[in-house]
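Worksheet: the structure to be examined is printed underneath.
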Amino acid sequence: MGSVGVLILVALVGAFICAKARSAGGAVAFAALALVLFIATPVGAGVPAAVGTFMSAFDQAATPALNGTQQAGTSGSKS
């Protein structure tokens with residue numbers, strides 16, 4: 001697993017080259033490959049949990065505003 005860093009670097013360089021050549025599909029494919037390889041490493045293993053926590057917090061904050069309701073314990077505008 002020592003060569004994963006080199007593979008990530010190659011994937012990022014490939015994404016950059018595809019982006020400079022205006023090949024959006026290739027750039028997205030290389031970037032997705034780099035992301036998958038990064039998540040497979042011990043350093044990137046916490047990324048899915050962090051994204052899930054962020055999305056959960058965002059959902060909890062946005063739901064009352066979208067439903068037009070207030071959360072318990074909050075005071076609204078009294079005008």
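In the structure tokens, chains take the letters A, B, ... in the order shown, each chain's residues start at 1, and ligands count up from 1 in the order shown.
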Show which residues sit within 10 Å of range 23-29 of chain A, as a list in words. Count only C-alpha atoms, and ignore same-chain residues fewer than 4 positions away.
Ala11, Leu12, Val13, Gly14, Ala15, Phe16, Ile17, Cys18, Ala19, Leu33, Ala34 and Leu35 of chain A
Could you give me the residues within chain A that DSSP places in helix (DSSP H, G or I), as number ranges by chain?
A: 4-20, 24-39, 43-67
Point-to-point distance from CA of Leu37 in chain A to CA of Leu7 in chain A, Å rounded to tenths
7.7 Å
